[in-house]
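K.L.:
Just so it is clear, I am handing over start03.txt, which has compact mmCIF, C-alpha atoms and all ligand atoms.
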```
# COMPACT_ATOMS: atom_id res chain seq x y z
CA MET A 828 0.52 25.15 -18.54
CA VAL A 829 0.37 26.53 -14.98
CA LYS A 830 4.14 26.68 -14.62
CA ASP A 831 4.62 28.98 -17.60
CA LYS A 832 1.75 31.24 -16.64
CA GLN A 833 3.16 31.77 -13.18
CA ASN A 834 6.73 32.32 -14.40
CA LEU A 835 7.93 30.26 -11.50
CA ILE A 836 10.72 27.77 -11.00
CA TYR A 837 8.75 25.19 -9.09
CA LEU A 838 10.91 22.81 -7.06
CA ASP A 839 8.32 21.56 -4.60
CA HIS A 840 6.74 18.64 -6.44
CA ALA A 841 6.87 16.43 -3.33
CA SER A 842 4.48 18.87 -1.75
CA THR A 843 2.04 18.95 -4.63
CA THR A 844 1.83 19.09 -8.41
CA TYR A 845 -0.51 20.89 -10.80
CA ILE A 846 -3.18 18.97 -12.72
CA ARG A 847 -1.75 18.13 -16.12
CA ASP A 848 -3.80 19.11 -19.18
CA GLU A 849 -4.79 15.56 -20.19
CA VAL A 850 -6.10 14.94 -16.66
CA TYR A 851 -8.06 18.17 -16.61
CA GLU A 852 -9.65 17.29 -19.96
CA ALA A 853 -10.58 13.81 -18.73
CA MET A 854 -12.18 15.23 -15.57
CA LYS A 855 -14.15 18.06 -17.20
CA PRO A 856 -17.26 16.10 -18.32
CA TYR A 857 -17.73 14.77 -14.78
CA LEU A 858 -17.53 18.27 -13.31
CA THR A 859 -20.21 19.55 -15.67
CA ASN A 860 -22.68 17.58 -17.83
CA ASN A 861 -22.05 14.07 -16.47
CA PHE A 862 -22.91 14.90 -12.89
CA GLY A 863 -25.04 11.85 -12.04
CA ASN A 864 -24.73 10.05 -8.72
CA PRO A 865 -23.18 6.66 -9.54
CA SER A 866 -25.54 4.94 -7.11
CA SER A 867 -28.65 5.94 -9.09
CA ILE A 868 -30.12 3.88 -11.91
CA TYR A 869 -30.85 6.33 -14.78
CA THR A 870 -28.53 6.76 -17.75
CA ILE A 871 -26.59 9.84 -16.65
CA ALA A 872 -25.89 8.16 -13.29
CA GLN A 873 -24.79 4.97 -14.95
CA GLN A 874 -22.30 6.97 -17.00
CA SER A 875 -20.68 7.96 -13.72
CA ARG A 876 -20.71 4.34 -12.55
CA ILE A 877 -19.05 3.21 -15.77
CA ALA A 878 -16.40 5.95 -15.44
CA ILE A 879 -15.58 4.77 -11.92
CA ASP A 880 -15.43 1.12 -12.98
CA GLN A 881 -13.15 1.92 -15.90
CA SER A 882 -10.89 4.03 -13.67
CA ARG A 883 -10.66 1.22 -11.14
CA GLU A 884 -9.70 -1.23 -13.89
CA LYS A 885 -6.97 1.07 -15.21
CA ILE A 886 -5.48 1.51 -11.75
CA ALA A 887 -5.71 -2.21 -10.96
CA LYS A 888 -3.71 -2.94 -14.10
CA ILE A 889 -0.91 -0.63 -12.98
CA LEU A 890 -0.90 -2.00 -9.44
CA ASN A 891 -1.19 -5.58 -10.76
CA CYS A 892 -4.21 -6.34 -8.59
CA ARG A 893 -7.93 -6.96 -8.90
CA PRO A 894 -10.19 -3.91 -9.44
CA SER A 895 -12.12 -4.93 -6.31
CA GLU A 896 -8.93 -4.46 -4.27
CA ILE A 897 -8.90 -0.70 -5.00
CA ILE A 898 -10.67 1.74 -2.67
CA PHE A 899 -10.96 5.39 -3.69
CA THR A 900 -10.27 7.77 -0.82
CA SER A 901 -9.84 11.50 -0.19
CA GLY A 902 -6.04 11.31 -0.42
CA GLY A 903 -2.86 10.02 1.17
CA THR A 904 -3.89 10.93 4.70
CA GLU A 905 -7.13 8.99 4.56
CA SER A 906 -5.46 6.02 2.87
CA ASP A 907 -2.79 5.94 5.59
CA ASN A 908 -5.25 6.48 8.46
CA SER A 909 -7.55 3.80 7.12
CA SER A 910 -4.69 1.33 6.58
CA ILE A 911 -3.77 1.60 10.25
CA TYR A 912 -7.17 1.97 11.92
CA SER A 913 -9.14 -0.43 9.74
CA THR A 914 -6.69 -3.30 10.05
CA ALA A 915 -5.68 -2.66 13.68
CA ILE A 916 -9.28 -2.63 14.85
CA ALA A 917 -10.23 -5.64 12.73
CA GLN A 918 -7.44 -7.69 14.36
CA MET A 919 -7.64 -6.41 17.95
CA ASN A 920 -8.68 -9.84 19.18
CA ILE A 921 -5.39 -11.30 17.85
CA GLY A 922 -2.95 -8.66 19.01
CA LYS A 923 -2.37 -4.98 19.63
CA HIS A 924 1.19 -4.49 18.48
CA ILE A 925 2.11 -2.31 15.48
CA ILE A 926 5.54 -1.70 14.01
CA THR A 927 6.33 1.41 12.02
CA SER A 928 9.36 3.65 11.49
CA SER A 929 10.36 6.93 13.08
CA ILE A 930 10.38 8.69 9.68
CA GLU A 931 6.83 7.94 8.52
CA HIS A 932 4.47 10.72 7.49
CA HIS A 933 2.31 12.01 10.35
CA ALA A 934 -0.72 10.43 8.65
CA VAL A 935 0.75 7.11 9.81
CA LEU A 936 2.50 8.26 13.00
CA ASN A 937 -0.48 10.11 14.45
CA ALA A 938 -2.84 7.21 13.68
CA CYS A 939 -0.47 4.90 15.57
CA GLU A 940 -0.27 7.35 18.46
CA PHE A 941 -4.05 7.55 18.64
CA LEU A 942 -4.28 3.77 19.00
CA GLU A 943 -1.57 3.82 21.69
CA GLU A 944 -3.28 6.56 23.66
CA ASN A 945 -6.88 5.46 23.32
CA LEU A 946 -7.01 1.73 22.70
CA ASP A 947 -3.97 0.42 24.58
CA PHE A 948 -1.97 -0.55 21.52
CA THR A 949 1.80 -0.86 21.71
CA VAL A 950 3.69 0.73 18.84
CA THR A 951 7.35 0.13 18.00
CA TYR A 952 8.94 3.03 16.10
CA LEU A 953 11.94 1.53 14.31
CA PRO A 954 14.96 3.84 14.15
CA VAL A 955 16.72 4.51 10.84
CA ASN A 956 20.42 4.89 10.02
CA ASN A 957 21.91 8.27 9.18
CA GLN A 958 20.75 7.92 5.59
CA GLY A 959 17.19 7.08 6.56
CA ILE A 960 17.10 3.30 5.99
CA ILE A 961 15.55 1.00 8.59
CA ASN A 962 17.66 -1.76 10.07
CA LEU A 963 16.27 -5.15 8.98
CA GLU A 964 17.78 -6.96 11.98
CA SER A 965 16.06 -4.53 14.28
CA LEU A 966 12.75 -5.18 12.47
CA LYS A 967 13.25 -8.95 12.90
CA SER A 968 13.92 -8.58 16.61
CA GLN A 969 10.77 -6.51 17.20
CA LEU A 970 8.24 -8.88 15.61
CA THR A 971 6.07 -10.68 18.17
CA PRO A 972 3.10 -13.07 17.98
CA LYS A 973 0.96 -10.04 18.91
CA THR A 974 2.17 -7.94 15.96
CA THR A 975 -0.64 -7.47 13.47
CA ILE A 976 0.57 -4.65 11.19
CA VAL A 977 3.89 -3.31 9.98
CA SER A 978 3.72 0.06 8.20
CA ILE A 979 6.87 1.20 6.41
CA MET A 980 6.86 3.87 3.73
CA LEU A 981 8.15 3.07 0.24
CA ALA A 982 9.86 6.45 -0.20
CA ASN A 983 10.29 9.28 2.26
CA ASN A 984 8.72 12.65 1.44
CA GLU A 985 11.51 14.75 2.98
CA ILE A 986 14.77 13.03 2.16
CA GLY A 987 13.57 10.73 -0.63
CA THR A 988 15.04 7.58 0.91
CA ILE A 989 13.65 4.39 -0.62
CA GLN A 990 13.12 1.49 1.81
CA PRO A 991 13.79 -2.14 0.81
CA ILE A 992 10.08 -3.03 0.99
CA LYS A 993 10.43 -6.44 -0.68
CA GLU A 994 13.04 -7.54 1.87
CA ILE A 995 10.96 -6.08 4.70
CA SER A 996 7.94 -7.96 3.46
CA LYS A 997 9.86 -11.24 3.23
CA ILE A 998 11.05 -10.92 6.83
CA ILE A 999 7.51 -10.28 8.01
CA LYS A 1000 5.92 -13.07 5.99
CA ASP A 1001 8.63 -15.58 7.05
CA TYR A 1002 8.11 -14.69 10.71
CA ALA A 1003 4.33 -14.97 10.39
CA LYS A 1004 4.61 -18.35 8.67
CA ASN A 1005 7.04 -19.76 11.24
CA ASN A 1006 4.90 -18.52 14.11
CA ASN A 1007 1.55 -19.39 12.63
CA THR A 1008 0.30 -15.80 12.79
CA ARG A 1009 -0.81 -13.19 10.30
CA ILE A 1010 1.03 -9.89 9.98
CA LEU A 1011 -0.10 -7.34 7.42
CA ILE A 1012 2.29 -5.00 5.67
CA HIS A 1013 1.22 -1.53 4.65
CA THR A 1014 3.36 0.82 2.60
CA ASP A 1015 2.82 4.54 2.18
CA ALA A 1016 3.74 4.90 -1.49
CA VAL A 1017 2.47 8.48 -1.81
CA GLN A 1018 5.80 9.79 -3.14
CA ALA A 1019 6.50 6.85 -5.45
CA PRO A 1020 4.29 7.20 -8.58
CA GLY A 1021 6.21 8.13 -11.67
CA TYR A 1022 9.48 6.95 -10.14
CA ILE A 1023 9.01 3.48 -8.62
CA ASN A 1024 7.17 0.38 -9.86
CA LEU A 1025 3.87 0.08 -7.99
CA ASP A 1026 3.28 -3.64 -8.63
CA VAL A 1027 1.80 -4.78 -5.31
CA LYS A 1028 2.59 -8.43 -5.98
CA ASP A 1029 6.21 -7.61 -6.64
CA LEU A 1030 6.38 -5.38 -3.55
CA ASP A 1031 4.47 -8.13 -1.71
CA VAL A 1032 2.35 -5.76 0.38
CA ASP A 1033 -1.18 -6.10 1.76
CA LEU A 1034 -2.03 -2.40 1.73
CA LEU A 1035 -0.64 0.53 -0.25
CA SER A 1036 -1.51 4.26 -0.11
CA LEU A 1037 -1.41 6.78 -2.97
CA SER A 1038 -2.42 10.43 -3.33
CA SER A 1039 -3.37 11.87 -6.74
CA HIS A 1040 -2.02 15.39 -6.30
CA LYS A 1041 1.52 14.03 -6.05
CA PHE A 1042 1.36 12.72 -9.63
CA TYR A 1043 -0.35 15.56 -11.54
CA GLY A 1044 -3.85 14.53 -10.52
CA PRO A 1045 -6.44 16.41 -8.47
CA LYS A 1046 -6.11 17.27 -4.78
CA GLY A 1047 -8.40 15.49 -2.32
CA CYS A 1048 -8.29 12.15 -4.15
CA GLY A 1049 -6.41 9.02 -3.24
CA ILE A 1050 -6.14 5.29 -3.65
CA LEU A 1051 -5.94 2.55 -1.08
CA TYR A 1052 -5.02 -0.93 -2.26
CA VAL A 1053 -6.30 -3.61 0.11
CA LYS A 1054 -5.42 -7.20 -0.73
CA ARG A 1055 -8.38 -9.55 -0.94
CA GLY A 1056 -9.02 -11.29 2.39
CA THR A 1057 -7.39 -8.54 4.49
CA PRO A 1058 -9.27 -8.03 7.77
CA PHE A 1059 -10.70 -4.51 7.41
CA THR A 1060 -13.10 -2.53 9.57
CA PRO A 1061 -14.25 0.57 7.64
CA ILE A 1062 -13.64 3.92 9.32
CA SER A 1063 -16.15 5.70 7.12
CA VAL A 1064 -19.63 4.21 7.45
CA GLY A 1065 -22.97 5.10 5.92
CA GLY A 1066 -23.78 4.08 2.35
CA SER A 1067 -22.52 0.89 0.78
CA GLN A 1068 -20.08 2.49 -1.70
CA GLU A 1069 -16.64 0.95 -2.30
CA ARG A 1070 -17.94 -2.50 -1.29
CA GLN A 1071 -18.82 -1.16 2.13
CA ARG A 1072 -15.24 -0.26 2.90
CA ARG A 1073 -15.60 3.52 2.46
CA ALA A 1074 -19.01 5.14 2.60
CA GLY A 1075 -19.90 8.34 0.79
CA THR A 1076 -20.86 9.44 -2.72
CA GLU A 1077 -17.86 8.92 -4.94
CA ASN A 1078 -15.77 11.85 -6.20
CA VAL A 1079 -16.36 10.86 -9.82
CA SER A 1080 -14.28 13.57 -11.54
CA GLY A 1081 -11.48 13.04 -9.02
CA ILE A 1082 -11.48 9.30 -9.59
CA VAL A 1083 -11.39 9.74 -13.37
CA GLY A 1084 -8.54 12.25 -12.99
CA THR A 1085 -6.65 9.96 -10.65
CA ALA A 1086 -6.78 7.05 -13.10
CA LYS A 1087 -5.70 9.23 -16.01
CA ALA A 1088 -2.84 10.77 -14.02
CA LEU A 1089 -1.57 7.40 -12.78
CA GLU A 1090 -1.80 5.92 -16.26
CA LEU A 1091 0.34 8.74 -17.68
CA ALA A 1092 2.79 8.66 -14.76
CA GLU A 1093 3.34 4.95 -15.31
CA LEU A 1094 3.61 5.33 -19.10
CA GLU A 1095 6.29 8.01 -18.78
CA ARG A 1096 8.03 6.57 -15.72
CA THR A 1097 11.24 5.30 -17.33
CA GLU A 1098 11.81 8.32 -19.53
CA ILE A 1099 10.98 10.96 -16.89
CA THR A 1100 12.97 9.18 -14.17
CA LYS A 1101 16.03 9.19 -16.40
CA LYS A 1102 15.66 12.86 -17.26
CA ILE A 1103 14.96 13.97 -13.70
CA THR A 1104 17.77 11.87 -12.20
CA ASN A 1105 20.27 13.65 -14.45
CA LEU A 1106 18.94 17.09 -13.57
CA ARG A 1107 18.74 16.25 -9.86
CA ASN A 1108 22.33 14.96 -9.91
CA LYS A 1109 23.43 18.17 -11.60
CA LEU A 1110 21.67 20.15 -8.88
CA ILE A 1111 23.26 18.09 -6.10
CA SER A 1112 26.81 18.24 -7.45
CA GLY A 1113 26.43 21.93 -8.30
CA VAL A 1114 25.34 22.75 -4.75
CA LEU A 1115 27.93 20.52 -3.03
CA ASN A 1116 30.78 21.78 -5.22
CA ASN A 1117 29.99 25.48 -5.20
CA ILE A 1118 28.73 26.17 -1.71
CA GLU A 1119 30.76 25.69 1.47
CA LYS A 1120 29.54 23.92 4.59
CA VAL A 1121 26.62 22.18 2.92
CA THR A 1122 25.59 18.52 3.22
CA LEU A 1123 23.17 16.30 1.33
CA ASN A 1124 20.60 14.60 3.57
CA GLY A 1125 19.39 11.07 2.85
CA ASP A 1126 20.81 8.13 0.96
CA PRO A 1127 22.86 9.26 -2.06
CA ILE A 1128 21.78 6.22 -4.12
CA ASN A 1129 18.57 4.74 -2.72
CA ARG A 1130 16.59 7.93 -3.13
CA LEU A 1131 13.72 9.21 -5.25
CA ALA A 1132 14.86 10.52 -8.62
CA ASN A 1133 13.41 13.97 -7.98
CA ASN A 1134 14.61 14.60 -4.42
CA ALA A 1135 17.45 16.75 -3.12
CA ASN A 1136 17.61 17.79 0.53
CA PHE A 1137 20.46 19.95 1.80
CA SER A 1138 21.57 21.42 5.14
CA PHE A 1139 23.32 24.79 4.93
CA GLN A 1140 25.33 25.25 8.10
CA ASP A 1141 24.81 28.55 10.01
CA ILE A 1142 21.67 29.64 8.11
CA GLU A 1143 18.00 29.11 8.79
CA GLY A 1144 16.36 27.08 6.02
CA GLU A 1145 13.37 29.44 6.22
CA SER A 1146 15.59 32.43 5.33
CA ILE A 1147 16.86 30.60 2.25
CA LEU A 1148 13.31 29.75 1.22
CA LEU A 1149 12.17 33.37 1.54
CA SER A 1150 15.15 34.58 -0.51
CA LEU A 1151 14.52 31.92 -3.15
CA ASP A 1152 10.88 32.96 -3.30
CA LEU A 1153 11.91 36.55 -4.03
CA GLU A 1154 13.84 35.16 -7.00
CA GLY A 1155 10.80 33.21 -8.20
CA ILE A 1156 12.00 29.82 -6.97
CA ALA A 1157 9.64 27.68 -4.88
CA ALA A 1158 11.24 25.13 -2.56
CA SER A 1159 10.44 23.85 0.87
CA SER A 1160 11.80 22.94 4.26
CA GLY A 1161 10.69 19.56 5.57
CA SER A 1162 7.28 18.35 4.52
CA ALA A 1163 4.57 20.76 3.43
CA CYS A 1164 2.33 19.69 6.29
CA THR A 1165 4.85 20.52 9.02
CA SER A 1166 6.87 23.26 7.37
CA ALA A 1167 4.69 25.89 9.04
CA SER A 1168 5.66 24.52 12.47
CA LEU A 1169 8.74 25.70 14.32
CA GLU A 1170 9.63 22.18 15.38
CA PRO A 1171 12.59 20.72 13.49
CA SER A 1172 11.59 17.89 11.18
CA HIS A 1173 11.17 14.49 12.89
CA VAL A 1174 12.72 12.88 9.81
CA LEU A 1175 15.89 14.97 9.92
CA LYS A 1176 16.18 14.42 13.67
CA SER A 1177 15.76 10.68 13.14
CA ILE A 1178 18.75 10.58 10.79
CA GLY A 1179 20.82 12.16 13.55
CA LEU A 1180 20.81 15.84 12.65
CA THR A 1181 20.94 18.36 15.48
CA ASP A 1182 17.99 20.75 15.80
CA GLU A 1183 20.16 23.54 14.40
CA ILE A 1184 21.28 21.61 11.32
CA ALA A 1185 17.77 20.24 10.79
CA GLN A 1186 16.48 23.80 10.75
CA SER A 1187 19.08 24.80 8.19
CA SER A 1188 17.61 22.38 5.65
CA VAL A 1189 15.99 22.97 2.31
CA ARG A 1190 14.21 20.39 0.15
CA MET A 1191 14.11 20.76 -3.60
CA THR A 1192 11.94 18.33 -5.53
CA LEU A 1193 11.95 18.35 -9.31
CA GLY A 1194 9.07 17.49 -11.63
CA LYS A 1195 8.50 16.16 -15.10
CA ASN A 1196 8.75 19.62 -16.67
CA THR A 1197 11.80 20.86 -14.78
CA THR A 1198 14.38 22.07 -17.28
CA GLU A 1199 18.16 22.30 -17.34
CA GLU A 1200 17.86 26.09 -17.65
CA GLU A 1201 15.89 26.17 -14.42
CA ILE A 1202 18.52 24.11 -12.60
CA ASP A 1203 21.26 26.37 -14.00
CA LEU A 1204 19.40 29.39 -12.70
CA VAL A 1205 19.05 27.83 -9.25
CA LEU A 1206 22.76 26.98 -9.25
CA ASP A 1207 23.53 30.58 -10.11
CA THR A 1208 21.15 32.08 -7.55
CA LEU A 1209 21.57 29.82 -4.51
CA PRO A 1210 25.30 30.43 -3.80
CA LYS A 1211 24.67 34.20 -3.84
CA ILE A 1212 21.78 33.83 -1.39
CA VAL A 1213 23.85 31.62 0.93
CA THR A 1214 26.82 34.03 0.87
CA ARG A 1215 24.56 37.00 1.60
CA LEU A 1216 22.74 35.27 4.44
CA ARG A 1217 25.96 34.00 6.00
CA SER A 1218 27.40 37.52 5.98
CA MET A 1219 24.40 38.91 7.84
CA PRO A 1220 24.67 39.25 11.63
CA THR A 1221 22.55 36.66 13.44
CA LEU A 1222 21.07 37.01 16.87
CA SER A 1223 23.49 34.45 18.29
CA ASN A 1224 26.64 36.18 17.03
CA VAL A 1225 25.41 39.67 18.00
CA LEU A 1226 24.66 38.66 21.60
N1 LIG B 1301 2.26 10.33 2.96
C1 LIG B 1301 3.29 10.97 2.39
C2 LIG B 1301 4.59 10.26 2.25
C3 LIG B 1301 3.15 12.28 1.93
O1 LIG B 1301 4.17 12.90 1.36
C4 LIG B 1301 1.88 12.91 2.09
C5 LIG B 1301 1.71 14.32 1.67
O2 LIG B 1301 2.62 15.10 1.65
C6 LIG B 1301 0.83 12.20 2.67
C7 LIG B 1301 1.06 10.91 3.10
C8 LIG B 1301 -0.52 12.82 2.83
O3 LIG B 1301 -1.15 12.93 1.58
P1 LIG B 1301 -2.37 13.95 1.34
O4 LIG B 1301 -1.81 15.32 1.37
O5 LIG B 1301 -2.92 13.57 0.02
O6 LIG B 1301 -3.36 13.71 2.41
```
Take the structure I supplied and represent it as structure tokens, if you would.
Ligand code: PLP
P.N.:
Amino acid sequence: MVKDKQNLIYLDHASTTYIRDEVYEAMKPYLTNNFGNPSSIYTIAQQSRIAIDQSREKIAKILNCRPSEIIFTSGGTESDNSSIYSTAIAQMNIGKHIITSSIEHHAVLNACEFLEENLDFTVTYLPVNNQGIINLESLKSQLTPKTTIVSIMLANNEIGTIQPIKEISKIIKDYAKNNNTRILIHTDAVQAPGYINLDVKDLDVDLLSLSSHKFYGPKGCGILYVKRGTPFTPISVGGSQERQRRAGTENVSGIVGTAKALELAELERTEITKKITNLRNKLISGVLNNIEKVTLNGDPINRLANNANFSFQDIEGESILLSLDLEGIAASSGSACTSASLEPSHVLKSIGLTDEIAQSSVRMTLGKNTTEEEIDLVLDTLPKIVTRLRSMPTLSNVL
């Protein structure tokens, strides 16, 4: 297994995961001998077609939807972009108002901004409380007859907060019914597999995004659920793949790997969630009890089982990460996509943190193979790092 080979304590599973062995084995034939283009008619090509069809069926079962409602994409970003663009453009004649939240991933936020800047859409960015939950009354008050899409993530990638999607959906559907309109609900569920039930009927959503590399599948592969009858203008055009909703030769090995990974994540969900919750709680209480001037960011209860996000007053999160790395511990500040930027995280700012506190934050996300020994080692190492960094002169206290 990758983790053992690298001798690493990997606590950045929200950023990405390695491909698990069973997934790699399932993908292998489609990376080598079974290379046929699924759109061709000869036997080797039809083997690829069958593999895609079977993968779609497996995923549909987990999502409790029809296989035809699944579109394979290149990952979470494309699924999110397509959810916004494809439905916004398809309904432009009805209205140009979108509602989202201030803590969405940039794959949603930047798509909304693009529509605002280039196609005269109006976007409402709902604020969240200091634990990262949106206010349902505020959502109610922002719905208008011109609203066509509401996009609210199922679980946040930085602070792990889980939104009450079912309640959100009910509010939207009730409003639409009473006002004789149609409002679609999209949820970015990229961080949810393996921890939260993905039944789209139970969640009552019209669109749902997933990304394989977050659940031990391959990078560059994703899923977009689109409920039958949803107005949808494809953003990728060309061939007629994916029922003309996403053109391009299918990533057969990636699709097979995605289905296998999701199947296993769902199969192990209850057991792994229980194990990880216990370890994560040990990590949180160990950090809060043994380190001074530290706070936990996000909702203490409504949060992903694997997520812990802390602010360590008076220290740069980046310095902690570098020190952890020297000890063989991989963690992250903010989301992987923005952690290279100097800007404090938009999520941490949205929950009311100052720039300084936001920049003193570290996210640790556990995975299915995280062990108690690893957490013990982190709990032994982290307080020493924090004490050392706090004792070092900083620019502000030297000047
Ligand atoms: N949405 C969320 C919540 C994410 O955490 C991520 C990735 O970190 C994405 C979307 C983008 O997914 P991908 O990296 O597969 O494009």
K.L.:
For the atom pair atom CA of A:Pro972 and atom CA of A:Thr1008, what is the interatomic distance in Å to one decimal place?
P.N.:
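If I compute the distance from atom CA of A:Pro972 to atom CA of A:Thr1008, I get 6.5 Å.
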K.L.:
Need to verify the contact set: A:Ser906, 7 Å, all atoms listed in the file, exclusion of same-chain residues closer than 5 positions in sequence. Can you return it as a list in words?
P.N.:
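In the requested format, the answer is Thr900, Ser1036, Gly1049, Ile1050 and Leu1051 of chain A.
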K.L.:
Would you name the residues within 6 Å of ligand LIG 1301 (chain B), counting all atoms listed in the file, and put them as a list in words?
P.N.:
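Residues satisfying the distance criterion: Ser842, Gly902, Gly903, Thr904, His932, Ala934, Asn983, Asn984, Asp1015, Val1017, Gln1018 and Ser1038 of chain A.
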K.L.:
What gap, in Å, lies between atom CA of A:Thr1104 and atom CA of A:Asp1141?
P.N.:
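Separation of atom CA of A:Thr1104 and atom CA of A:Asp1141: 28.7 Å.
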K.L.:
Would you work out the distance separating atom CA of A:Asn1105 from atom CA of A:Leu890, expressed in Å to one decimal?
P.N.:
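Between atom CA of A:Asn1105 and atom CA of A:Leu890 the gap works out to 26.8 Å.
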K.L.:
Looking at A:Val1083, A:Leu1180, A:Gln873, A:Gly1065, which one is nearest to A:Cys1048, with distances taken over only C-alpha atoms?
P.N.:
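That would be A:Val1083, the residue with the smallest distance to A:Cys1048.
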K.L.:
If we draw a sphere of 10 Å around (20.0, 7.3, -4.2), which residues have at least one atom in it when counting all atoms listed in the file? Please report them as a PyMOL selection string.
P.N.:
chain A and resi 958+987-989+1104+1108+1125-1132+1134-1135
K.L.:
Let me make sure I understand: among A:Met1219, A:Ile877, A:Ile1142, A:Val977, which one has the smallest atom-to-atom distance to A:Glu931 if we use only C-alpha atoms?
P.N.:
A:Val977
K.L.:
Compile the contact shell of A:Asn962 as a list in words: residues with an atom at most 12 Å away, counting all atoms listed in the file, same-chain residues fewer than 5 positions apart removed.
P.N.:
Thr927, Ser928, Ser929, Tyr952, Leu953, Pro954, Val955, Asn956, Asn957, Lys967, Ser968, Gln969, Ile979, Gln990, Pro991, Ile992, Glu994, Ile995 and Ile998 of chain A
K.L.:
Considering all atoms listed in the file, state which residue in the set A:Ile897, A:Ile1118, A:Leu838, A:Ala872 is at the smallest distance from A:Leu1035.
P.N.:
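Looking only at the distances to A:Leu1035, the closest residue turns out to be A:Ile897.
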K.L.:
A:Ala841, A:Pro1210, A:Gln1186, A:Ile1082: which is nearest A:Gly1113, counting all atoms listed in the file?
P.N.:
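Of A:Ala841, A:Pro1210, A:Gln1186, A:Ile1082, the one nearest A:Gly1113, counting all atoms listed in the file, is A:Pro1210.
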K.L.:
Given all atoms listed in the file as the basis, pick out the residue of A:Arg1055, A:Lys1041, A:Lys1120, A:Lys1004 nearest to A:Leu1089.
P.N.:
A:Lys1041
K.L.:
Restricting the calculation to only C-alpha atoms: of A:Leu1091, A:Ile999, A:Cys939, A:Ile898, which residue gets closest to A:Ile916?
P.N.:
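Nearest to A:Ile916: A:Cys939.
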